[in-house]
$ cat data38.txt   # compact mmCIF, C-alpha atoms and all ligand atoms
# COMPACT_ATOMS: atom_id res chain seq x y z
CA MET M 1 10.66 -47.72 -18.92
CA THR M 2 11.92 -46.33 -22.23
CA ARG M 3 13.77 -43.05 -22.28
CA LYS M 4 10.83 -41.43 -24.10
CA SER M 5 8.17 -42.54 -21.63
CA PHE M 6 10.44 -41.47 -18.79
CA LEU M 7 10.57 -37.95 -20.28
CA TRP M 8 6.78 -37.92 -20.68
CA LEU M 9 6.36 -38.96 -17.06
CA GLY M 10 8.71 -36.15 -15.98
CA LEU M 11 6.74 -33.60 -18.01
CA TRP M 12 3.44 -34.84 -16.63
CA LEU M 13 4.74 -34.59 -13.05
CA CYS M 14 5.99 -31.04 -13.67
CA CYS M 15 2.58 -29.98 -15.05
CA LEU M 16 0.86 -31.63 -12.11
CA THR M 17 2.92 -29.78 -9.50
CA ALA M 18 2.65 -26.49 -11.44
CA GLY M 19 -1.11 -27.04 -11.54
CA VAL M 20 -1.23 -27.60 -7.79
CA LYS M 21 0.83 -24.48 -7.17
CA ALA M 22 -1.26 -22.33 -9.45
CA GLN M 23 -4.52 -23.52 -7.89
CA GLN M 24 -6.64 -20.55 -6.95
CA LEU M 25 -7.91 -20.31 -3.40
CA GLU M 26 -11.60 -19.52 -3.16
CA ARG M 27 -11.79 -19.15 0.61
CA ILE M 28 -9.76 -18.07 3.62
CA SER M 29 -9.24 -20.98 6.02
CA PRO M 30 -8.14 -19.64 9.43
CA GLY M 31 -5.51 -21.76 11.13
CA GLN M 32 -4.72 -23.87 8.04
CA GLU M 33 -1.59 -23.67 5.95
CA TRP M 34 -1.90 -20.71 3.58
CA PRO M 35 -0.01 -21.41 0.34
CA ASP M 36 1.39 -18.51 -1.68
CA ASN M 37 1.81 -18.49 -5.50
CA LYS M 38 4.67 -20.97 -5.14
CA GLY M 39 2.72 -23.30 -2.89
CA GLU M 40 4.66 -22.28 0.23
CA HIS M 41 3.05 -21.28 3.50
CA ILE M 42 3.01 -17.48 3.71
CA ASN M 43 5.97 -16.37 5.77
CA ALA M 44 4.70 -12.98 6.96
CA HIS M 45 4.01 -13.18 10.67
CA GLY M 46 3.03 -10.38 13.04
CA GLY M 47 1.96 -8.72 9.82
CA GLY M 48 0.02 -5.79 8.53
CA LEU M 49 -1.82 -4.84 5.36
CA LEU M 50 -1.60 -1.92 2.96
CA PHE M 51 -3.98 -1.22 0.08
CA ASP M 52 -2.31 0.76 -2.66
CA GLU M 53 -3.31 1.42 -6.28
CA GLY M 54 -5.63 -1.54 -6.65
CA LYS M 55 -3.55 -4.09 -4.74
CA TYR M 56 -3.21 -5.35 -1.21
CA TYR M 57 0.27 -5.76 0.25
CA TRP M 58 0.85 -8.05 3.22
CA TYR M 59 4.04 -7.31 5.18
CA GLY M 60 5.26 -9.57 7.94
CA GLU M 61 8.12 -11.24 9.74
CA ASN M 62 10.01 -13.72 7.58
CA ARG M 63 10.75 -16.31 10.25
CA PRO M 64 13.15 -19.27 10.12
CA ALA M 65 11.91 -22.84 10.57
CA ARG M 66 13.97 -23.01 13.78
CA GLY M 67 15.13 -20.26 16.10
CA PHE M 68 13.83 -16.87 17.12
CA THR M 69 16.06 -14.32 15.41
CA THR M 70 15.60 -12.57 12.08
CA GLU M 71 17.77 -14.08 9.38
CA VAL M 72 16.08 -12.61 6.29
CA GLY M 73 13.96 -9.55 7.11
CA VAL M 74 10.45 -8.34 6.38
CA GLU M 75 8.67 -10.23 3.60
CA VAL M 76 5.99 -8.72 1.36
CA TYR M 77 3.21 -10.44 -0.61
CA SER M 78 0.65 -8.91 -2.98
CA SER M 79 -2.93 -9.84 -3.83
CA THR M 80 -6.03 -8.45 -5.49
CA ASP M 81 -8.54 -10.77 -3.78
CA LEU M 82 -7.08 -11.23 -0.24
CA MET M 83 -6.89 -15.00 -0.74
CA ASN M 84 -4.26 -15.57 -3.42
CA TRP M 85 -0.93 -14.01 -2.52
CA THR M 86 2.20 -13.57 -4.64
CA ASP M 87 5.52 -13.54 -2.84
CA GLU M 88 7.13 -10.22 -3.80
CA GLY M 89 10.30 -11.03 -1.88
CA VAL M 90 12.09 -9.27 0.95
CA ALA M 91 10.86 -5.71 1.50
CA LEU M 92 13.42 -4.86 4.19
CA ALA M 93 16.48 -7.06 4.37
CA VAL M 94 18.69 -7.62 7.40
CA SER M 95 22.15 -6.09 7.08
CA GLU M 96 25.31 -8.13 6.63
CA GLU M 97 27.30 -5.36 8.29
CA ALA M 98 28.50 -6.18 11.81
CA GLY M 99 27.19 -3.65 14.31
CA SER M 100 24.31 -2.44 12.15
CA PRO M 101 21.11 -2.13 14.23
CA ILE M 102 19.45 -4.48 11.72
CA GLU M 103 22.35 -6.90 11.52
CA ARG M 104 21.33 -10.49 10.66
CA GLY M 105 20.42 -12.07 13.99
CA CYS M 106 18.55 -9.03 15.27
CA ILE M 107 14.79 -9.40 15.84
CA MET M 108 12.34 -7.57 13.58
CA GLU M 109 8.72 -7.90 14.62
CA ARG M 110 5.26 -6.63 13.72
CA PRO M 111 6.17 -4.48 10.68
CA LYS M 112 3.50 -2.04 9.50
CA VAL M 113 3.66 -0.04 6.27
CA VAL M 114 1.72 3.10 5.42
CA ARG M 115 1.93 5.42 2.43
CA ASN M 116 2.65 9.01 3.24
CA PRO M 117 0.28 11.26 1.25
CA LYS M 118 2.66 14.25 1.35
CA THR M 119 5.93 12.57 0.32
CA GLY M 120 4.41 9.66 -1.63
CA LYS M 121 6.87 7.36 0.17
CA TYR M 122 6.06 4.03 1.76
CA VAL M 123 7.05 4.15 5.42
CA MET M 124 7.66 1.06 7.53
CA LEU M 125 7.72 1.02 11.32
CA PHE M 126 8.70 -2.18 13.11
CA HIS M 127 9.71 -3.46 16.51
CA LEU M 128 13.48 -3.92 16.58
CA GLU M 129 15.61 -5.82 19.05
CA LEU M 130 19.39 -5.60 18.66
CA LYS M 131 21.46 -8.69 17.94
CA GLY M 132 22.48 -10.65 21.02
CA GLN M 133 20.40 -8.58 23.44
CA GLY M 134 17.22 -10.62 23.66
CA TYR M 135 14.31 -8.24 24.07
CA ALA M 136 16.22 -5.65 26.12
CA ALA M 137 16.65 -2.93 23.49
CA ALA M 138 12.87 -2.38 22.95
CA ARG M 139 13.22 -0.03 19.99
CA VAL M 140 11.20 1.03 16.97
CA GLY M 141 12.79 0.96 13.52
CA PHE M 142 11.93 3.27 10.62
CA ALA M 143 12.44 2.40 6.95
CA GLU M 144 11.29 3.99 3.70
CA SER M 145 10.79 3.00 0.06
CA ASP M 146 9.59 4.48 -3.23
CA SER M 147 7.74 1.27 -4.04
CA PRO M 148 5.37 -0.84 -1.92
CA THR M 149 7.45 -3.95 -2.61
CA GLY M 150 10.68 -2.24 -1.59
CA PRO M 151 13.55 -2.39 -1.26
CA PHE M 152 13.00 -0.43 1.95
CA ARG M 153 15.93 1.63 3.17
CA PHE M 154 16.54 1.40 6.92
CA ILE M 155 16.64 4.92 8.33
CA ARG M 156 17.19 4.55 12.08
CA SER M 157 15.90 3.04 15.28
CA LEU M 158 15.08 4.73 18.55
CA ARG M 159 13.04 4.76 21.70
CA PRO M 160 10.15 7.17 21.23
CA ASN M 161 9.65 10.53 22.83
CA ALA M 162 12.93 11.01 24.72
CA GLY M 163 12.67 13.94 27.11
CA VAL M 164 8.91 14.28 26.66
CA TRP M 165 6.09 13.64 29.13
CA PRO M 166 2.63 12.42 28.10
CA ALA M 167 0.18 15.08 26.94
CA ASP M 168 -2.17 14.39 29.84
CA PHE M 169 0.52 14.75 32.55
CA SER M 170 0.21 17.97 34.56
CA ARG M 171 3.21 19.62 36.22
CA LYS M 172 2.07 18.03 39.48
CA ASP M 173 1.85 14.58 37.82
CA ILE M 174 5.40 15.02 36.49
CA ARG M 175 6.71 16.06 39.92
CA GLU M 176 5.07 13.07 41.56
CA ALA M 177 6.30 10.64 38.89
CA LYS M 178 9.86 11.92 39.20
CA ALA M 179 9.76 11.30 42.95
CA LEU M 180 9.03 7.56 42.42
CA LYS M 181 12.12 5.38 42.63
CA GLU M 182 12.40 1.81 41.38
CA GLU M 183 14.34 0.69 44.47
CA ASP M 184 11.27 1.46 46.61
CA TYR M 185 9.14 -0.96 44.56
CA LYS M 186 11.31 -4.04 44.14
CA GLU M 187 8.36 -6.38 44.54
CA TRP M 188 6.15 -6.35 41.44
CA TRP M 189 2.39 -6.92 41.26
CA THR M 190 1.59 -5.56 44.73
CA PRO M 191 -1.15 -2.90 44.96
CA THR M 192 1.39 -0.21 45.89
CA TRP M 193 3.66 -1.20 42.97
CA ARG M 194 0.66 -1.05 40.63
CA GLU M 195 -0.26 2.39 41.86
CA ALA M 196 3.33 3.55 41.38
CA VAL M 197 3.39 2.20 37.80
CA THR M 198 0.12 3.98 37.05
CA LYS M 199 1.55 7.20 38.42
CA GLY M 200 4.64 6.87 36.22
CA LEU M 201 7.34 4.86 38.03
CA LEU M 202 8.69 3.33 34.80
CA LEU M 203 7.51 6.15 32.57
CA ALA M 204 9.68 8.59 34.55
CA ARG M 205 12.63 6.18 34.49
CA ASP M 206 12.43 6.11 30.67
CA VAL M 207 11.69 9.77 29.90
CA PRO M 208 15.38 10.72 29.51
CA GLY M 209 16.21 7.99 26.96
CA GLY M 210 12.77 7.54 25.42
CA GLN M 211 10.01 5.05 26.11
CA MET M 212 10.46 1.34 25.49
CA SER M 213 8.73 0.23 22.30
CA ARG M 214 7.93 -3.44 21.67
CA ASP M 215 4.66 -4.85 20.21
CA MET M 216 3.24 -2.18 17.94
CA THR M 217 0.97 -1.03 15.18
CA VAL M 218 0.48 2.11 13.10
CA PHE M 219 -2.87 3.77 12.56
CA VAL M 220 -3.67 6.45 9.97
CA ASP M 221 -6.76 8.51 10.76
CA ASP M 222 -9.18 10.00 8.20
CA ASP M 223 -7.25 13.30 8.23
CA GLY M 224 -4.00 11.55 7.21
CA LYS M 225 -2.37 11.90 10.64
CA ALA M 226 -0.54 8.76 11.69
CA TYR M 227 -0.06 7.28 15.14
CA HIS M 228 2.34 4.71 16.54
CA ILE M 229 0.82 2.51 19.24
CA TYR M 230 3.32 0.43 21.18
CA SER M 231 3.88 -1.51 24.40
CA ALA M 232 6.06 0.62 26.67
CA GLU M 233 7.13 0.45 30.34
CA GLU M 234 8.25 -3.23 30.32
CA ASN M 235 5.07 -4.12 28.36
CA LEU M 236 2.94 -2.78 31.18
CA THR M 237 1.52 0.29 29.46
CA LEU M 238 0.52 1.14 25.89
CA ASN M 239 1.55 4.47 24.39
CA LEU M 240 -0.23 6.18 21.52
CA ALA M 241 2.10 8.69 19.89
CA GLU M 242 1.46 11.11 17.04
CA LEU M 243 3.88 10.95 14.11
CA THR M 244 5.12 13.96 12.16
CA ASP M 245 3.66 14.75 8.72
CA ASP M 246 6.31 12.63 6.95
CA TYR M 247 5.61 9.71 9.37
CA LEU M 248 9.35 9.49 10.14
CA ASP M 249 9.41 11.09 13.58
CA TYR M 250 7.26 11.99 16.59
CA THR M 251 5.51 15.30 17.20
CA GLY M 252 6.03 14.79 20.95
CA LYS M 253 2.32 14.41 21.65
CA TYR M 254 1.51 11.05 23.22
CA VAL M 255 -0.75 9.47 25.81
CA ARG M 256 -0.63 6.31 27.88
CA ILE M 257 -3.42 3.75 27.53
CA ALA M 258 -4.29 1.39 30.40
CA PRO M 259 -1.20 2.12 32.56
CA GLY M 260 -0.05 -1.09 34.24
CA GLY M 261 -2.61 -3.09 32.22
CA GLN M 262 -0.04 -5.31 30.44
CA ASN M 263 -1.33 -5.00 26.91
CA GLU M 264 0.49 -6.32 23.87
CA ALA M 265 -0.32 -6.95 20.21
CA PRO M 266 -2.31 -3.72 19.67
CA THR M 267 -4.74 -3.66 16.73
CA ILE M 268 -7.00 -0.69 16.03
CA PHE M 269 -9.72 0.53 13.71
CA LYS M 270 -12.27 3.32 13.51
CA ARG M 271 -15.91 2.77 12.69
CA ASP M 272 -18.71 5.36 12.77
CA GLY M 273 -16.48 7.79 14.65
CA THR M 274 -15.50 5.35 17.42
CA TYR M 275 -11.98 3.96 17.82
CA TRP M 276 -11.73 0.29 18.82
CA LEU M 277 -8.52 -1.19 20.16
CA ILE M 278 -8.13 -4.96 20.52
CA THR M 279 -5.03 -6.18 22.40
CA SER M 280 -3.67 -9.29 24.08
CA GLY M 281 -2.26 -9.93 27.52
CA CYS M 282 1.46 -10.63 27.99
CA THR M 283 2.18 -14.36 27.88
CA GLY M 284 4.86 -14.49 25.16
CA TRP M 285 4.02 -16.95 22.37
CA ALA M 286 1.27 -18.58 24.45
CA PRO M 287 -2.26 -17.36 23.71
CA ASN M 288 -4.35 -15.55 26.28
CA GLU M 289 -7.67 -13.75 26.52
CA ALA M 290 -7.85 -10.64 24.35
CA ARG M 291 -8.87 -7.27 25.69
CA MET M 292 -10.83 -4.49 24.05
CA PHE M 293 -11.02 -0.72 24.56
CA LYS M 294 -13.04 2.01 22.91
CA ALA M 295 -12.73 5.77 22.71
CA GLU M 296 -14.32 8.71 20.96
CA SER M 297 -10.92 10.38 20.62
CA LEU M 298 -7.51 8.77 20.15
CA TRP M 299 -6.33 10.83 23.10
CA GLY M 300 -8.83 9.07 25.32
CA PRO M 301 -10.40 8.39 27.66
CA TRP M 302 -10.20 4.70 26.66
CA GLU M 303 -12.89 2.55 28.18
CA GLN M 304 -12.05 -1.12 28.73
CA LEU M 305 -14.61 -3.71 27.57
CA PRO M 306 -14.73 -7.51 27.58
CA SER M 307 -12.83 -9.49 24.91
CA PRO M 308 -14.59 -9.48 21.51
CA PHE M 309 -13.98 -13.25 21.14
CA VAL M 310 -17.05 -15.44 21.72
CA GLY M 311 -17.59 -19.21 21.70
CA LYS M 312 -15.27 -22.15 22.26
CA ASP M 313 -11.73 -21.19 23.30
CA ALA M 314 -12.66 -17.51 23.44
CA ASP M 315 -10.67 -17.31 26.69
CA LYS M 316 -7.56 -18.14 24.60
CA SER M 317 -8.62 -15.95 21.68
CA PHE M 318 -8.97 -19.12 19.55
CA HIS M 319 -5.26 -19.75 20.26
CA THR M 320 -4.22 -16.59 18.48
CA GLN M 321 -2.78 -13.15 19.09
CA GLY M 322 -3.93 -10.19 16.98
CA THR M 323 -1.65 -8.28 14.64
CA TYR M 324 -3.76 -5.94 12.47
CA ILE M 325 -7.27 -4.89 11.50
CA PHE M 326 -8.11 -3.63 8.02
CA LYS M 327 -11.15 -2.56 6.07
CA VAL M 328 -11.81 -4.39 2.81
CA GLU M 329 -11.73 -1.96 -0.11
CA GLY M 330 -15.08 -1.21 -1.70
CA THR M 331 -17.12 -2.53 1.23
CA ASP M 332 -19.24 -0.45 3.60
CA ASP M 333 -18.49 -2.46 6.64
CA GLY M 334 -16.03 -5.25 5.86
CA TYR M 335 -13.39 -5.34 8.60
CA VAL M 336 -10.93 -8.19 9.00
CA PHE M 337 -9.04 -9.13 12.15
CA MET M 338 -5.60 -10.57 11.34
CA ALA M 339 -3.96 -12.76 13.98
CA ASP M 340 -1.10 -15.21 14.46
CA ARG M 341 -1.34 -18.68 15.90
CA TRP M 342 2.27 -18.83 17.04
CA ASN M 343 4.28 -22.01 16.84
CA PRO M 344 7.43 -21.32 18.88
CA ARG M 345 8.92 -24.68 17.79
CA SER M 346 8.85 -23.39 14.23
CA LEU M 347 7.85 -19.75 13.94
CA LYS M 348 7.92 -20.00 10.13
CA ASN M 349 5.07 -22.46 10.35
CA SER M 350 2.95 -20.33 12.66
CA ARG M 351 -0.54 -20.15 11.18
CA HIS M 352 -2.49 -17.09 10.11
CA VAL M 353 -5.97 -16.60 11.46
CA TRP M 354 -8.03 -14.01 9.62
CA LEU M 355 -11.60 -13.53 10.79
CA PRO M 356 -14.33 -11.14 9.67
CA LEU M 357 -15.45 -8.77 12.41
CA GLU M 358 -19.13 -8.77 13.26
CA PHE M 359 -20.86 -5.93 15.07
CA LYS M 360 -23.58 -5.80 17.68
CA ALA M 361 -26.39 -3.26 17.21
CA ASP M 362 -24.51 -0.80 19.45
CA GLY M 363 -21.37 -1.15 17.30
CA THR M 364 -19.41 -3.46 19.64
CA PRO M 365 -17.13 -5.78 17.62
CA VAL M 366 -17.52 -9.55 17.93
CA LEU M 367 -15.11 -12.27 16.80
CA ARG M 368 -16.60 -15.69 16.13
CA TRP M 369 -14.70 -18.72 14.83
CA VAL M 370 -15.38 -19.83 11.25
CA ASP M 371 -13.59 -22.76 9.57
CA SER M 372 -13.49 -20.96 6.25
CA TRP M 373 -14.98 -17.87 4.65
CA SER M 374 -14.91 -15.85 1.48
CA PRO M 375 -14.42 -12.07 1.58
CA ARG M 376 -16.70 -11.74 -1.44
CA GLU M 377 -19.60 -13.70 0.09
CA GLN M 378 -19.08 -12.25 3.55
CA PHE M 379 -19.20 -8.58 2.65
CA ASP M 380 -21.41 -8.45 -0.47
C1 LIG D 401 4.74 -11.93 22.24
C2 LIG D 401 4.71 -10.80 21.22
C3 LIG D 401 5.40 -11.29 19.98
C4 LIG D 401 6.82 -11.67 20.36
C5 LIG D 401 6.80 -12.70 21.49
C6 LIG D 401 8.18 -13.06 21.96
O1 LIG D 401 4.08 -11.56 23.41
O2 LIG D 401 3.40 -10.43 20.95
O3 LIG D 401 5.38 -10.29 18.99
O4 LIG D 401 7.50 -10.54 20.79
O5 LIG D 401 6.06 -12.23 22.57
O6 LIG D 401 8.13 -13.89 23.08

$ encode --input "data38.txt" --output "structure tokens" --more "lines below"
Ligand code: GAL
Amino acid sequence: MTRKSFLWLGLWLCCLTAGVKAQQLERISPGQEWPDNKGEHINAHGGGLLFDEGKYYWYGENRPARGFTTEVGVEVYSSTDLMNWTDEGVALAVSEEAGSPIERGCIMERPKVVRNPKTGKYVMLFHLELKGQGYAAARVGFAESDSPTGPFRFIRSLRPNAGVWPADFSRKDIREAKALKEEDYKEWWTPTWREAVTKGLLLARDVPGGQMSRDMTVFVDDDGKAYHIYSAEENLTLNLAELTDDYLDYTGKYVRIAPGGQNEAPTIFKRDGTYWLITSGCTGWAPNEARMFKAESLWGPWEQLPSPFVGKDADKSFHTQGTYIFKVEGTDDGYVFMADRWNPRSLKNSRHVWLPLEFKADGTPVLRWVDSWSPREQFD
């Protein structure tokens, strides 16, 4: 080959790969690789979505190809059509400083970003585990930014609601919970242990230092009030806690949802005045059957319903675990369920499964598998 034809071949190959990378996606294909603007599978797991000034932002865990710790941080992508995503880089980076709560090698999971209407700031809450401690720390991290793409500034991490009892606990309930001692219930999963958990065995243990906070989401209601929903009490009980007006702290008002019910991966939305909560069971990276709850008020009561998944592999939630539910801008009724199909051998390569929610006549959500779909066709 002459030098000239070699150069032409090189140029042609470059154009070809650029063409492949720039190819526009016309559909969402749940469970398939999802290439970003550079042709790389979107590395934003356990994610959440924000719509802001005409654009969607997808925040999620930037995961390594091997291993379970956070080496980079929270990644953010932007899109105008929900299918084609531009990598905007690292929104919240791990710290290189030894001893920092977000030191490289910590674990950052399930980041959710909301814009605070009063301060105009973008606020990120995420599940934080401290370096070298496995999942023992069970904390929530707060970070803030002036721009949706960051850089987010880490503010602090904590366990929520230290020194505070749930809003629906009477003085008598508190007295009874305080009297429960862990050493009297060494054997888990027995009926008496379950009753003790429901009455506040672990809740009471954690009141002084704050409740454990692992899998989580953030929900902003129509009135602008925001709520942090997280797995507390060794992942046995969900808490729903009201955030302060700047979204950076807790008001101290919180309730427990399904005490002892072992719910993780909370996702929530409101439709026609009803709140719907879709969760998973607790089996780590392995999929399990989702659960669903509904309520007329965030403070409960929450009624448990069957899983919204129907069809083949519904008992394994189509091999996924939920992470967020959002409403498509400009639609009357376009809700999307975002989930992860975890690959613990290579978390980076875990697949994203986004499915449109369907609704029964009485409003009950249904999740049905589709190989591919288009937001435009689905919701028009
Ligand atoms: C899952 C949880 C994930 C991650 C994982 C670790 O149950 O939903 O976010 O924490 O466990 O094993």

$ closest_residue --input "data38.txt" --among "M:Ser346, M:Asn37, M:Ser280, M:Ser78" --to "ligand LIG 401 (chain D)" --atoms "all atoms listed in the file"
M:Ser280

$ closest_atom_pairs --input "data38.txt" --of "chain M" --to "ligand LIG 401 (chain D)" --cutoff "8 Å" --atoms "only C-alpha atoms and all ligand atoms" --output "Markdown table"
| residue | atom | partner | partner_atom | distance |
| --- | --- | --- | --- | --- |
| M:Gly46 | CA | D:LIG401 | O3 | 6.4 |
| M:Glu109 | CA | D:LIG401 | O3 | 6.0 |
| M:Arg110 | CA | D:LIG401 | O3 | 6.4 |
| M:Tyr135 | CA | D:LIG401 | O4 | 7.9 |
| M:Arg214 | CA | D:LIG401 | O4 | 7.2 |
| M:Asp215 | CA | D:LIG401 | O3 | 5.6 |
| M:Glu264 | CA | D:LIG401 | O2 | 5.8 |
| M:Ala265 | CA | D:LIG401 | O2 | 5.1 |
| M:Ser280 | CA | D:LIG401 | O2 | 7.8 |
| M:Gly281 | CA | D:LIG401 | O1 | 7.7 |
| M:Cys282 | CA | D:LIG401 | O1 | 5.4 |
| M:Thr283 | CA | D:LIG401 | O1 | 5.6 |
| M:Gly284 | CA | D:LIG401 | O1 | 3.5 |
| M:Trp285 | CA | D:LIG401 | C1 | 5.1 |
| M:Ala286 | CA | D:LIG401 | O1 | 7.6 |
| M:Gln321 | CA | D:LIG401 | O2 | 7.0 |

$ residues_around --input "data38.txt" --residues "Val140 (chain M)" --least-positions-apart "2" --cutoff "10 Å" --atoms "all atoms listed in the file" --output "NGL selection string"
:M and (108-109 or 111 or 125-129 or 137-138 or 142 or 156-160 or 212-216 or 228 or 230)

$ atom_distance --input "data38.txt" --atom1 "CA of Glu233 (chain M)" --atom2 "CA of Leu180 (chain M)"
14.1 Å

$ closest_residue --input "data38.txt" --among "M:Lys118, M:Lys199, M:His45, M:Lys38" --to "Thr320 (chain M)" --atoms "all atoms listed in the file"
M:His45

$ build_atoms --input "data38.txt" --residues "region 208-221 of chain M" --atoms "N, CA, C and O atoms" --output "mmCIF file, in the frame of the given file"
data_model
loop_
_atom_site.group_PDB
_atom_site.id
_atom_site.type_symbol
_atom_site.label_atom_id
_atom_site.label_comp_id
_atom_site.auth_asym_id
_atom_site.auth_seq_id
_atom_site.Cartn_x
_atom_site.Cartn_y
_atom_site.Cartn_z
ATOM 1 N N PRO M 208 14.118 10.193 30.080
ATOM 2 C CA PRO M 208 15.380 10.720 29.510
ATOM 3 C C PRO M 208 15.802 10.038 28.216
ATOM 4 O O PRO M 208 16.188 10.700 27.261
ATOM 5 N N GLY M 209 15.720 8.706 28.154
ATOM 6 C CA GLY M 209 16.210 7.990 26.960
ATOM 7 C C GLY M 209 15.128 7.631 25.966
ATOM 8 O O GLY M 209 15.421 7.072 24.903
ATOM 9 N N GLY M 210 13.880 7.913 26.296
ATOM 10 C CA GLY M 210 12.770 7.540 25.420
ATOM 11 C C GLY M 210 12.059 6.310 25.957
ATOM 12 O O GLY M 210 12.663 5.499 26.679
ATOM 13 N N GLN M 211 10.817 6.165 25.592
ATOM 14 C CA GLN M 211 10.010 5.050 26.110
ATOM 15 C C GLN M 211 10.348 3.747 25.388
ATOM 16 O O GLN M 211 10.668 3.746 24.200
ATOM 17 N N MET M 212 10.267 2.650 26.115
ATOM 18 C CA MET M 212 10.460 1.340 25.490
ATOM 19 C C MET M 212 9.371 1.150 24.429
ATOM 20 O O MET M 212 8.268 1.659 24.578
ATOM 21 N N SER M 213 9.705 0.409 23.385
ATOM 22 C CA SER M 213 8.730 0.230 22.300
ATOM 23 C C SER M 213 8.844 -1.190 21.762
ATOM 24 O O SER M 213 9.764 -1.506 21.027
ATOM 25 N N ARG M 214 7.891 -2.041 22.134
ATOM 26 C CA ARG M 214 7.930 -3.440 21.670
ATOM 27 C C ARG M 214 6.729 -3.693 20.739
ATOM 28 O O ARG M 214 6.677 -3.094 19.672
ATOM 29 N N ASP M 215 5.786 -4.572 21.119
ATOM 30 C CA ASP M 215 4.660 -4.850 20.210
ATOM 31 C C ASP M 215 4.038 -3.538 19.746
ATOM 32 O O ASP M 215 3.850 -2.617 20.557
ATOM 33 N N MET M 216 3.682 -3.480 18.467
ATOM 34 C CA MET M 216 3.240 -2.180 17.940
ATOM 35 C C MET M 216 2.339 -2.299 16.725
ATOM 36 O O MET M 216 2.292 -3.325 16.053
ATOM 37 N N THR M 217 1.664 -1.200 16.448
ATOM 38 C CA THR M 217 0.970 -1.030 15.180
ATOM 39 C C THR M 217 1.013 0.439 14.800
ATOM 40 O O THR M 217 1.460 1.287 15.586
ATOM 41 N N VAL M 218 0.571 0.720 13.570
ATOM 42 C CA VAL M 218 0.480 2.110 13.100
ATOM 43 C C VAL M 218 -0.949 2.319 12.624
ATOM 44 O O VAL M 218 -1.523 1.444 11.983
ATOM 45 N N PHE M 219 -1.498 3.466 12.973
ATOM 46 C CA PHE M 219 -2.870 3.770 12.560
ATOM 47 C C PHE M 219 -2.888 5.129 11.862
ATOM 48 O O PHE M 219 -2.326 6.101 12.376
ATOM 49 N N VAL M 220 -3.515 5.174 10.682
ATOM 50 C CA VAL M 220 -3.670 6.450 9.970
ATOM 51 C C VAL M 220 -5.134 6.857 10.062
ATOM 52 O O VAL M 220 -6.024 6.104 9.651
ATOM 53 N N ASP M 221 -5.381 8.037 10.597
ATOM 54 C CA ASP M 221 -6.760 8.510 10.760
ATOM 55 C C ASP M 221 -7.262 9.139 9.452
ATOM 56 O O ASP M 221 -6.494 9.347 8.514
#
